[in-house]
Amino acid sequence: MAHSIAELATSLGLDFAGDGALRITCAAEPAAAGPDALAMAMDPKYAEGLAQGQARAAILWPGADWQALGLQAAIFAPRPRWAMAGLSEVLDPGYDFGGGIHPLAHIDPTAEIGAGARIGPFTSIGPRSRIGVGARIAPNVTVGEDVVIGADVILHAGARVGARCVIGDRYIGQPNSVLGGCGFSFVTPEPSGAEDVRATLSGERQLRAQKWHRIQSLGAVRVGDDVELGANSSIDRGTIRDTVIGSGTKIDSVCQIGHNVQMGEDCMMCGMAGVAGSARIGNRVLLAGKVAVNDNIFVGDDVIVGGASRVYTNVPAGRTVLGDPATKLETQLEIRKVLRRLPRLAAQVARLQDAVFPSKDDSKG
Amino acid sequence: MAHSIAELATSLGLDFAGDGALRITCAAEPAAAGPDALAMAMDPKYAEGLAQGQARAAILWPGADWQALGLQAAIFAPRPRWAMAGLSEVLDPGYDFGGGIHPLAHIDPTAEIGAGARIGPFTSIGPRSRIGVGARIAPNVTVGEDVVIGADVILHAGARVGARCVIGDRYIGQPNSVLGGCGFSFVTPEPSGAEDVRATLSGERQLRAQKWHRIQSLGAVRVGDDVELGANSSIDRGTIRDTVIGSGTKIDSVCQIGHNVQMGEDCMMCGMAGVAGSARIGNRVLLAGKVAVNDNIFVGDDVIVGGASRVYTNVPAGRTVLGDPATKLETQLEIRKVLRRLPRLAAQVARLQDAVFPSKDDSKG
Amino acid sequence: MAHSIAELATSLGLDFAGDGALRITCAAEPAAAGPDALAMAMDPKYAEGLAQGQARAAILWPGADWQALGLQAAIFAPRPRWAMAGLSEVLDPGYDFGGGIHPLAHIDPTAEIGAGARIGPFTSIGPRSRIGVGARIAPNVTVGEDVVIGADVILHAGARVGARCVIGDRYIGQPNSVLGGCGFSFVTPEPSGAEDVRATLSGERQLRAQKWHRIQSLGAVRVGDDVELGANSSIDRGTIRDTVIGSGTKIDSVCQIGHNVQMGEDCMMCGMAGVAGSARIGNRVLLAGKVAVNDNIFVGDDVIVGGASRVYTNVPAGRTVLGDPATKLETQLEIRKVLRRLPRLAAQVARLQDAVFPSKDDSKG
């Protein structure tokens, strides 16, 4: 589908210049753009790419001299990624979920599917589950029994929603995402070795046989509106109460959220991050890629946890933390500066030893 | 289903007090408990919650004054999580696996399914596979050819069991768990760069083109009784022998176990932990969340590896280790203490340098 | 199937000695080898195992005295793993993908499937997708619309290939692998807290409400020849251009590759490694297990990243790096040496302080 520059600019709420009637059919990186593409060149560093490509129109940084760049039309984006969000929405080809409920889907007779649903082959919807209007469900999806899902859900291929989970509107389950696996909760009749270590913070402990007995998950997972769960990511159900994910929270691929976790609204959890059981996460918390959050701790509102950090203890609201163990950002940057020259620091100390304690053998230090 | 306090206490092997005929229908956290719920208040810190909720009965800590807490009946749990295991078993609603083999399941005519099986739609059981009595298999599950599975297996939606894998009784495969992907084993005709580095522990090496050739996995995965594999977790098959997981071992979500790994009995592997190829793990080993175990190393019986630790070398039996690289727990706690004040330590050394070597330029140190 | 030692040696391009007509049916570890097995004993350390087992033939290290080891025939392998690759290919039982397109598969009428395809039940191939000759596709697989896949693809159970992805020849998708989930790309109308931190590298920032708006993924994933994607691993589609994986690159289980990543040829990415969005990875790069590569950075050709390292900044071609943050290998080994005795170093500095500044209170240091 072709869009005119004037229409696009209007729909993005942005200014344009040049030939507003010029039509584009897709977006492209500047150097790869053909004559029908809108080149994404929101930063002066892309000017060279524009010269290499064939774009006649581009999204540019504010104040760019579009004519000098050889363009016939330009849209100006003061906040590039925000413009990208709008533009990608306009140009998104979307996914083909078929034209209704596929004859090879299996919908339990007691399930209720809202109007306008598109459901692919080999998808199973369990007893008594209720799915809102406008559902788009790919092939090979499983929804268990007694599930409640709001309007306009998208479930991609292989997405799973376990029994009794409750999900708001506009949930997106990426391929092979799992909402509602069992909690990983086991106990030994006598205190286990791990319990001894936690209690004493010492590696000394009595060894003994231990068999793990399962604590069943009586709770499910309860999810607000506008939540997304990434490919191959997993959220476990709760033990007594539900595991809870607040509205607007986005979870990337290959993430894990343990049983009983209470996560707030508008959080962002990047790839391969994990939150262990019973942790509580505030609102607007950002967990960068590969982050680990310990079980049973509290991470306050607006906390930002930098990439690959390990959070072992509570973090107060508003703090930015980094590292393993995570500390305040500024502290960690200082620590890392010293770490990098640690061998030199050790050599300095050795020389100081020699100078200050010339005859002393420090080998027993 | 309602349960009387007296019945519950008997089935949990615990003492109770008050109205043993009082009936509860579910468990709840104290503050959220309605009049038909059993409040989970095994610690004095929950006393306040009890006052907020409407519970008439609770599980309490031993010696609690249940009458002063406004209850009509109480059960006393000296080991709260152990009581939880029993209670959750009694109250578990379980999962609806249907009433037999669904007509839309595909069971190869040469497969043998034990009595009492419940198998959901779109599940495929391969040629010559044998599954024991009492199987509960969700929709969209795949069992390959020549698989042997014991009694009372539970395979949740999307669980995969690859060809020739052998599994004991009571295996639980969580949603989208994979037992029996191919081992990740490749070789270059000439030594690869990684081999050079391993041999010399030096970054200096000759660069050369290298194409990876696959080593096929002739082995499968062999699993004992009472093993659980978490959602989106994966265990690879072995190269010559089978990858082995001992009885009683529990594996959490989003974990990975490489080819040829030999893991003992009654281990616990928490979320996002990984064990690389050919590592040998003893019995009763606990790998906390996000732990990494290097390939080809040995971790002895009863070892506990603390959260997010990286184990690069053998660990003797009974040890508790922590950190990256993992060290004995006590050592790591000391290291972390110094790490946190490392910038200050560096400043101290700088001042000592100035005092001891006042005119010396240490920039070449 | 039985193979004679002479045939095997010829097909592996290796020398043999003894009874070339002796036939073996499988490979085994020396101690576990029966009389019909070829014992894998490419290193002298396996000599003892040979004595325990019943093998009549073995693959040995060059120069081994096969007769003294009690064997009737032997093949000599100067590069053991290379011999293993060839041998495993010969002995591989492979997987049973059935005998054609299963009647319970769903192939969209507009899809084109090459000659010789074997496709299992409950597998769905979407509209207009084209799959080359010789496809072997397990049950419960999903291929979206407008996908192009080359010849001799293997898609294991639960593998997903999203809409518009383009894949070369001989792709192997392990169970529950996901190629083509949506990119994890969101933006707030105003700069988010994370943007503030990135800009200032400071934890001080203004807190504000922020709602995440989705940037749709207009790109797909483009994959070369001979690529493998591991069980429960995920590669996201690109925002404007495609995410690209070069020919010959092998990706292990439970890995994640973010949107827009450009990965070169013949790379190897081991278990649980992750590459964040828009990172560029050269050719022949090796990412060991649990490695993390930051978003938007560049990792040059032939780089080797050691186990569990975190790469936050660009790495020039040919370098071997290790650690968190990753440094040159040699530097990190030095750092770790000091780290292990950091508490002792701190004690030394304390004693130096006392000696050099005897009356000074350094507590404000």
# chains A, B, ... in the order shown; residues from 1 in each chain; ligands from 1

call {"tool": "calpha_fit_and_write", "arguments": {"fixed": "chain A", "moving": "chain C", "output": "compact mmCIF listing (two decimals) with C-alpha atoms, in the first residue's frame"}}
result
# COMPACT_ATOMS: atom_id res chain seq x y z
CA MET C 1 0.06 -0.01 0.02
CA ALA C 2 1.32 3.42 -0.90
CA HIS C 3 1.20 6.43 1.43
CA SER C 4 1.73 10.06 0.53
CA ILE C 5 4.28 12.07 2.47
CA ALA C 6 1.60 14.53 3.52
CA GLU C 7 -0.66 11.78 4.89
CA LEU C 8 2.23 10.14 6.70
CA ALA C 9 3.37 13.41 8.28
CA THR C 10 -0.16 14.12 9.46
CA SER C 11 -0.62 10.68 10.96
CA LEU C 12 2.74 11.00 12.77
CA GLY C 13 2.00 14.55 13.94
CA LEU C 14 5.19 15.79 12.27
CA ASP C 15 6.13 18.58 9.85
CA PHE C 16 7.10 17.87 6.29
CA ALA C 17 8.58 19.81 3.40
CA GLY C 18 8.60 19.37 -0.37
CA ASP C 19 6.27 17.27 -2.50
CA GLY C 20 3.56 16.10 -0.09
CA ALA C 21 1.91 14.06 -2.82
CA LEU C 22 4.97 11.83 -3.31
CA ARG C 23 4.06 8.27 -2.41
CA ILE C 24 6.17 5.67 -0.60
CA THR C 25 5.43 1.98 -0.12
CA CYS C 26 7.95 0.97 2.54
CA ALA C 27 10.67 2.16 4.92
CA ALA C 28 14.35 1.42 4.35
CA GLU C 29 17.80 2.24 5.62
CA PRO C 30 19.17 5.17 3.61
CA ALA C 31 21.81 3.29 1.63
CA ALA C 32 19.41 0.47 0.79
CA ALA C 33 16.41 2.65 -0.07
CA GLY C 34 14.85 2.37 -3.51
CA PRO C 35 12.86 5.18 -5.15
CA ASP C 36 9.60 4.05 -3.51
CA ALA C 37 11.03 3.80 0.00
CA LEU C 38 11.02 6.33 2.79
CA ALA C 39 14.62 6.49 4.00
CA MET C 40 15.11 6.44 7.77
CA ALA C 41 17.76 9.15 8.23
CA MET C 42 16.96 10.84 11.50
CA ASP C 43 20.56 11.66 12.31
CA PRO C 44 23.18 13.58 10.28
CA LYS C 45 25.37 10.47 10.28
CA TYR C 46 22.99 8.95 7.73
CA ALA C 47 23.53 11.74 5.17
CA GLU C 48 26.16 9.71 3.35
CA GLY C 49 23.84 6.71 3.17
CA LEU C 50 21.21 8.88 1.51
CA ALA C 51 23.66 9.74 -1.23
CA GLN C 52 24.28 6.02 -1.85
CA GLY C 53 20.59 5.09 -1.94
CA GLN C 54 17.83 6.08 -4.34
CA ALA C 55 15.32 7.51 -1.88
CA ARG C 56 13.27 10.46 -3.03
CA ALA C 57 11.85 11.00 0.45
CA ALA C 58 13.23 10.58 3.95
CA ILE C 59 12.55 11.14 7.61
CA LEU C 60 15.25 13.57 8.70
CA TRP C 61 16.52 15.33 11.77
CA PRO C 62 14.93 18.72 12.41
CA GLY C 63 16.57 21.49 10.41
CA ALA C 64 18.12 19.18 7.85
CA ASP C 65 18.63 20.69 4.42
CA TRP C 66 16.51 18.17 2.54
CA GLN C 67 17.06 19.74 -0.84
CA ALA C 68 20.83 19.67 -0.49
CA LEU C 69 20.43 15.96 0.33
CA GLY C 70 18.85 15.48 -3.10
CA LEU C 71 15.37 14.68 -1.79
CA GLN C 72 11.98 15.63 -3.20
CA ALA C 73 10.25 15.47 0.17
CA ALA C 74 11.12 15.10 3.82
CA ILE C 75 9.46 14.58 7.20
CA PHE C 76 11.21 15.97 10.29
CA ALA C 77 11.40 13.91 13.47
CA PRO C 78 12.63 15.57 16.66
CA ARG C 79 12.34 12.24 18.50
CA PRO C 80 13.41 9.56 16.01
CA ARG C 81 12.28 6.41 17.82
CA TRP C 82 8.91 7.93 18.57
CA ALA C 83 8.45 8.68 14.88
CA MET C 84 9.52 5.10 14.17
CA ALA C 85 6.78 3.75 16.42
CA GLY C 86 4.14 5.64 14.49
CA LEU C 87 5.61 4.89 11.10
CA SER C 88 6.06 1.17 11.81
CA GLU C 89 2.43 1.02 12.85
CA VAL C 90 1.36 2.52 9.52
CA LEU C 91 3.60 0.28 7.42
CA ASP C 92 3.29 -2.94 9.42
CA PRO C 93 2.20 -5.80 7.16
CA GLY C 94 1.07 -7.70 10.26
CA TYR C 95 0.55 -11.43 10.34
CA ASP C 96 -1.87 -13.70 8.52
CA PHE C 97 -4.05 -15.37 11.16
CA GLY C 98 -6.51 -16.72 8.58
CA GLY C 99 -10.13 -15.73 8.14
CA GLY C 100 -11.99 -17.11 11.12
CA ILE C 101 -11.82 -20.22 13.26
CA HIS C 102 -9.99 -22.85 11.24
CA PRO C 103 -11.82 -26.17 10.94
CA LEU C 104 -8.73 -27.92 12.31
CA ALA C 105 -8.73 -25.84 15.49
CA HIS C 106 -10.18 -27.51 18.57
CA ILE C 107 -12.40 -25.27 20.64
CA ASP C 108 -13.91 -27.00 23.64
CA PRO C 109 -17.70 -26.73 23.39
CA THR C 110 -17.84 -24.97 26.76
CA ALA C 111 -15.33 -22.27 25.72
CA GLU C 112 -16.55 -18.83 24.66
CA ILE C 113 -14.73 -17.03 21.87
CA GLY C 114 -15.52 -13.34 21.23
CA ALA C 115 -16.64 -11.96 17.89
CA GLY C 116 -14.17 -11.60 15.05
CA ALA C 117 -11.76 -14.27 16.24
CA ARG C 118 -9.20 -15.71 13.87
CA ILE C 119 -7.79 -19.02 15.14
CA GLY C 120 -5.34 -21.23 13.27
CA PRO C 121 -5.20 -24.98 12.78
CA PHE C 122 -4.06 -27.29 15.56
CA THR C 123 -4.82 -24.72 18.22
CA SER C 124 -6.64 -25.98 21.29
CA ILE C 125 -8.85 -23.87 23.58
CA GLY C 126 -9.77 -25.64 26.80
CA PRO C 127 -13.01 -26.07 28.73
CA ARG C 128 -14.82 -23.01 30.07
CA SER C 129 -12.16 -20.59 28.81
CA ARG C 130 -13.34 -17.17 27.65
CA ILE C 131 -11.50 -15.12 25.06
CA GLY C 132 -12.53 -11.54 24.23
CA VAL C 133 -13.38 -9.99 20.88
CA GLY C 134 -10.91 -9.70 18.06
CA ALA C 135 -8.60 -12.55 19.06
CA ARG C 136 -5.83 -13.39 16.61
CA ILE C 137 -4.46 -16.82 17.44
CA ALA C 138 -1.85 -18.62 15.34
CA PRO C 139 -1.60 -22.34 14.68
CA ASN C 140 -0.31 -24.74 17.34
CA VAL C 141 -1.34 -22.60 20.32
CA THR C 142 -2.67 -24.05 23.58
CA VAL C 143 -5.04 -22.32 26.00
CA GLY C 144 -5.88 -24.44 29.03
CA GLU C 145 -9.12 -24.68 30.97
CA ASP C 146 -10.86 -21.85 32.85
CA VAL C 147 -8.66 -19.17 31.28
CA VAL C 148 -9.96 -15.61 30.87
CA ILE C 149 -8.39 -13.44 28.16
CA GLY C 150 -9.47 -9.89 27.22
CA ALA C 151 -10.00 -8.26 23.86
CA ASP C 152 -7.63 -8.13 20.90
CA VAL C 153 -5.20 -10.77 22.12
CA ILE C 154 -2.42 -11.98 19.80
CA LEU C 155 -1.08 -15.45 20.47
CA HIS C 156 1.73 -16.47 18.13
CA ALA C 157 2.59 -20.03 17.16
CA GLY C 158 3.31 -22.29 20.10
CA ALA C 159 2.24 -19.79 22.77
CA ARG C 160 0.84 -21.48 25.89
CA VAL C 161 -1.58 -20.14 28.46
CA GLY C 162 -2.09 -22.44 31.42
CA ALA C 163 -5.26 -23.27 33.30
CA ARG C 164 -7.00 -20.54 35.30
CA CYS C 165 -4.73 -17.70 34.11
CA VAL C 166 -6.44 -14.32 33.76
CA ILE C 167 -5.17 -11.90 31.11
CA GLY C 168 -6.25 -8.36 30.23
CA ASP C 169 -6.71 -6.74 26.84
CA ARG C 170 -4.18 -6.68 24.03
CA TYR C 171 -1.87 -9.34 25.44
CA ILE C 172 0.79 -10.48 22.96
CA GLY C 173 2.23 -13.92 23.49
CA GLN C 174 5.27 -14.40 21.24
CA PRO C 175 6.07 -17.81 19.73
CA ASN C 176 6.58 -20.56 22.29
CA SER C 177 6.01 -18.22 25.24
CA VAL C 178 4.67 -19.95 28.34
CA LEU C 179 2.29 -18.25 30.74
CA GLY C 180 1.44 -20.49 33.66
CA GLY C 181 3.92 -23.30 34.05
CA CYS C 182 3.98 -24.76 37.55
CA GLY C 183 5.96 -22.95 40.23
CA PHE C 184 9.34 -24.46 41.05
CA SER C 185 8.72 -25.07 44.69
CA PHE C 186 10.00 -28.09 46.56
CA VAL C 187 10.73 -28.94 50.15
CA THR C 188 12.56 -31.64 52.05
CA PRO C 189 11.08 -33.12 55.23
CA GLU C 190 14.15 -31.98 57.20
CA PRO C 191 15.94 -28.66 56.51
CA SER C 192 17.95 -28.96 53.30
CA GLY C 193 21.59 -28.02 52.87
CA ALA C 194 20.61 -24.80 51.15
CA GLU C 195 18.49 -23.81 54.12
CA ASP C 196 21.48 -24.38 56.42
CA VAL C 197 23.66 -22.16 54.25
CA ARG C 198 21.05 -19.41 54.05
CA ALA C 199 20.66 -19.45 57.83
CA THR C 200 24.36 -19.36 58.64
CA LEU C 201 25.93 -17.79 55.53
CA SER C 202 28.58 -20.44 56.02
CA GLY C 203 29.62 -23.33 53.83
CA GLU C 204 29.98 -25.59 56.88
CA ARG C 205 26.98 -27.82 57.22
CA GLN C 206 25.87 -31.32 57.91
CA LEU C 207 25.40 -33.45 54.81
CA ARG C 208 22.32 -35.60 54.63
CA ALA C 209 20.11 -37.34 52.15
CA GLN C 210 17.24 -35.21 50.92
CA LYS C 211 14.30 -35.97 48.69
CA TRP C 212 12.40 -33.11 47.14
CA HIS C 213 8.64 -33.01 47.66
CA ARG C 214 6.59 -30.85 45.40
CA ILE C 215 4.55 -27.88 46.61
CA GLN C 216 1.69 -27.68 44.14
CA SER C 217 0.84 -24.33 42.60
CA LEU C 218 -2.68 -23.45 43.72
CA GLY C 219 -2.43 -19.99 42.17
CA ALA C 220 -2.29 -19.03 38.51
CA VAL C 221 -0.86 -16.00 36.65
CA ARG C 222 -2.82 -12.74 36.52
CA VAL C 223 -1.82 -10.27 33.84
CA GLY C 224 -2.98 -6.69 33.22
CA ASP C 225 -3.64 -4.95 29.91
CA ASP C 226 -1.06 -4.34 27.18
CA VAL C 227 1.40 -6.93 28.42
CA GLU C 228 3.77 -8.72 26.07
CA LEU C 229 5.65 -11.96 26.76
CA GLY C 230 8.63 -12.81 24.54
CA ALA C 231 9.53 -15.88 22.55
CA ASN C 232 10.57 -18.85 24.72
CA SER C 233 9.93 -16.85 27.89
CA SER C 234 8.16 -18.30 30.88
CA ILE C 235 6.10 -17.04 33.82
CA ASP C 236 5.29 -19.52 36.56
CA ARG C 237 2.02 -19.67 38.49
CA GLY C 238 1.84 -18.79 42.18
CA THR C 239 1.72 -21.08 45.18
CA ILE C 240 -1.19 -19.64 47.13
CA ARG C 241 -1.90 -16.31 45.47
CA ASP C 242 -1.39 -15.62 41.75
CA THR C 243 1.81 -14.45 40.16
CA VAL C 244 0.96 -10.92 38.96
CA ILE C 245 2.20 -8.85 36.01
CA GLY C 246 0.94 -5.26 35.90
CA SER C 247 -0.52 -3.47 32.90
CA GLY C 248 1.84 -2.14 30.28
CA THR C 249 4.75 -4.37 31.26
CA LYS C 250 6.83 -5.77 28.37
CA ILE C 251 8.92 -8.91 28.67
CA ASP C 252 11.50 -9.87 26.06
CA SER C 253 12.56 -13.27 24.74
CA VAL C 254 14.09 -16.08 26.80
CA CYS C 255 13.17 -14.49 30.14
CA GLN C 256 11.96 -16.22 33.26
CA ILE C 257 9.69 -15.05 36.04
CA GLY C 258 9.31 -17.32 39.04
CA HIS C 259 6.27 -18.21 41.12
CA ASN C 260 4.58 -15.58 43.27
CA VAL C 261 6.44 -12.69 41.66
CA GLN C 262 4.51 -9.43 41.85
CA MET C 263 5.62 -7.16 39.03
CA GLY C 264 4.21 -3.66 38.63
CA GLU C 265 3.04 -1.62 35.67
CA ASP C 266 4.98 -0.35 32.67
CA CYS C 267 8.07 -2.37 33.49
CA MET C 268 10.50 -3.51 30.82
CA MET C 269 12.42 -6.75 31.12
CA CYS C 270 15.03 -7.30 28.41
CA GLY C 271 16.30 -10.51 26.90
CA MET C 272 17.40 -13.35 29.14
CA ALA C 273 16.58 -11.49 32.35
CA GLY C 274 15.18 -13.47 35.24
CA VAL C 275 13.22 -12.70 38.38
CA ALA C 276 13.28 -15.41 41.03
CA GLY C 277 10.32 -16.58 43.07
CA SER C 278 8.38 -14.20 45.33
CA ALA C 279 10.37 -11.11 44.34
CA ARG C 280 8.35 -7.89 44.23
CA ILE C 281 9.11 -5.47 41.43
CA GLY C 282 7.67 -1.93 41.42
CA ASN C 283 6.28 0.13 38.57
CA ARG C 284 8.35 1.36 35.62
CA VAL C 285 11.28 -0.85 36.59
CA LEU C 286 13.74 -1.57 33.81
CA LEU C 287 15.70 -4.81 33.93
CA ALA C 288 18.32 -4.82 31.18
CA GLY C 289 19.43 -7.92 29.33
CA LYS C 290 20.67 -10.92 31.34
CA VAL C 291 19.79 -9.29 34.68
CA ALA C 292 19.06 -11.56 37.64
CA VAL C 293 16.84 -10.57 40.56
CA ASN C 294 17.07 -12.74 43.65
CA ASP C 295 14.05 -14.40 45.20
CA ASN C 296 12.01 -12.74 47.95
CA ILE C 297 13.53 -9.28 47.53
CA PHE C 298 11.94 -5.94 46.70
CA VAL C 299 12.88 -3.66 43.81
CA GLY C 300 11.25 -0.22 44.08
CA ASP C 301 9.47 1.93 41.51
CA ASP C 302 11.53 3.43 38.69
CA VAL C 303 14.59 1.34 39.43
CA ILE C 304 16.91 0.75 36.48
CA VAL C 305 19.11 -2.33 36.62
CA GLY C 306 22.00 -2.22 34.13
CA GLY C 307 22.97 -5.04 31.80
CA ALA C 308 23.83 -8.43 33.25
CA SER C 309 23.62 -7.16 36.84
CA ARG C 310 22.77 -9.43 39.75
CA VAL C 311 20.47 -7.94 42.34
CA TYR C 312 20.73 -9.86 45.62
CA THR C 313 19.17 -7.36 48.01
CA ASN C 314 16.35 -4.80 48.10
CA VAL C 315 16.72 -1.74 45.89
CA PRO C 316 14.99 1.49 46.94
CA ALA C 317 12.76 3.35 44.49
CA GLY C 318 14.39 5.47 41.82
CA ARG C 319 17.88 3.99 42.06
CA THR C 320 20.03 2.95 39.10
CA VAL C 321 22.15 -0.08 39.89
CA LEU C 322 24.78 -2.09 38.06
CA GLY C 323 27.16 -4.99 38.59
CA ASP C 324 27.52 -8.31 40.35
CA PRO C 325 26.63 -7.80 43.11
CA ALA C 326 24.67 -4.78 41.94
CA THR C 327 25.61 -1.45 43.51
CA LYS C 328 24.66 2.12 42.71
CA LEU C 329 25.68 2.94 39.15
CA GLU C 330 28.32 5.49 40.11
CA THR C 331 29.89 3.13 42.64
CA GLN C 332 30.06 0.31 40.10
CA LEU C 333 31.67 2.50 37.47
CA GLU C 334 34.33 3.40 40.05
CA ILE C 335 34.79 -0.25 41.01
CA ARG C 336 35.19 -1.28 37.39
CA LYS C 337 37.77 1.42 36.80
CA VAL C 338 39.89 -0.01 39.61
CA LEU C 339 39.19 -3.61 38.58
CA ARG C 340 40.69 -3.03 35.18
CA ARG C 341 43.99 -1.99 36.75
CA LEU C 342 43.83 -4.40 39.66
CA PRO C 343 47.02 -6.27 38.70
CA ARG C 344 48.86 -2.93 38.69
CA LEU C 345 47.37 -2.05 42.08
CA ALA C 346 48.60 -5.36 43.46
CA ALA C 347 52.06 -4.67 42.10
CA GLN C 348 52.06 -1.25 43.75
CA VAL C 349 51.11 -2.78 47.08
CA ALA C 350 53.88 -5.35 46.71
CA ARG C 351 56.42 -2.58 46.14
CA LEU C 352 55.06 -0.64 49.09
CA GLN C 353 55.40 -3.75 51.23
CA ASP C 354 59.02 -4.12 50.20
CA ALA C 355 59.71 -0.48 50.98
CA VAL C 356 57.86 -0.21 54.26
CA PHE C 357 58.48 -3.71 55.66
CA PRO C 358 61.72 -4.56 53.92
CA SER C 359 62.55 -7.70 55.87
CA LYS C 360 59.04 -8.87 56.64
CA ASP C 361 57.79 -12.07 55.09
CA ASP C 362 54.14 -11.43 54.43
CA SER C 363 53.39 -14.88 53.10
CA LYS C 364 51.17 -15.69 56.06
CA GLY C 365 49.18 -12.48 55.57

call {"tool": "select_by_dssp", "arguments": {"residues": "region 54-160 of chain A", "states": "alpha helix (DSSP H)", "output": "list of chain:residue names"}}
result
A:Pro80, A:Arg81, A:Trp82, A:Ala83, A:Met84, A:Ala85, A:Gly86, A:Leu87, A:Ser88, A:Glu89, A:Val90, A:Leu91

call {"tool": "select_by_dssp", "arguments": {"residues": "region 187-357 of chain A", "states": "strand (DSSP E or B)", "output": "MDAnalysis selection string"}}
result
chainID A and resid 187 213:214 221:223 228:229 234:236 243:245 250:251 256:257 262:263 268:269 274:275 280:281 286:287 292:293 298:299 304:305 310:311 315 320:323 326:328
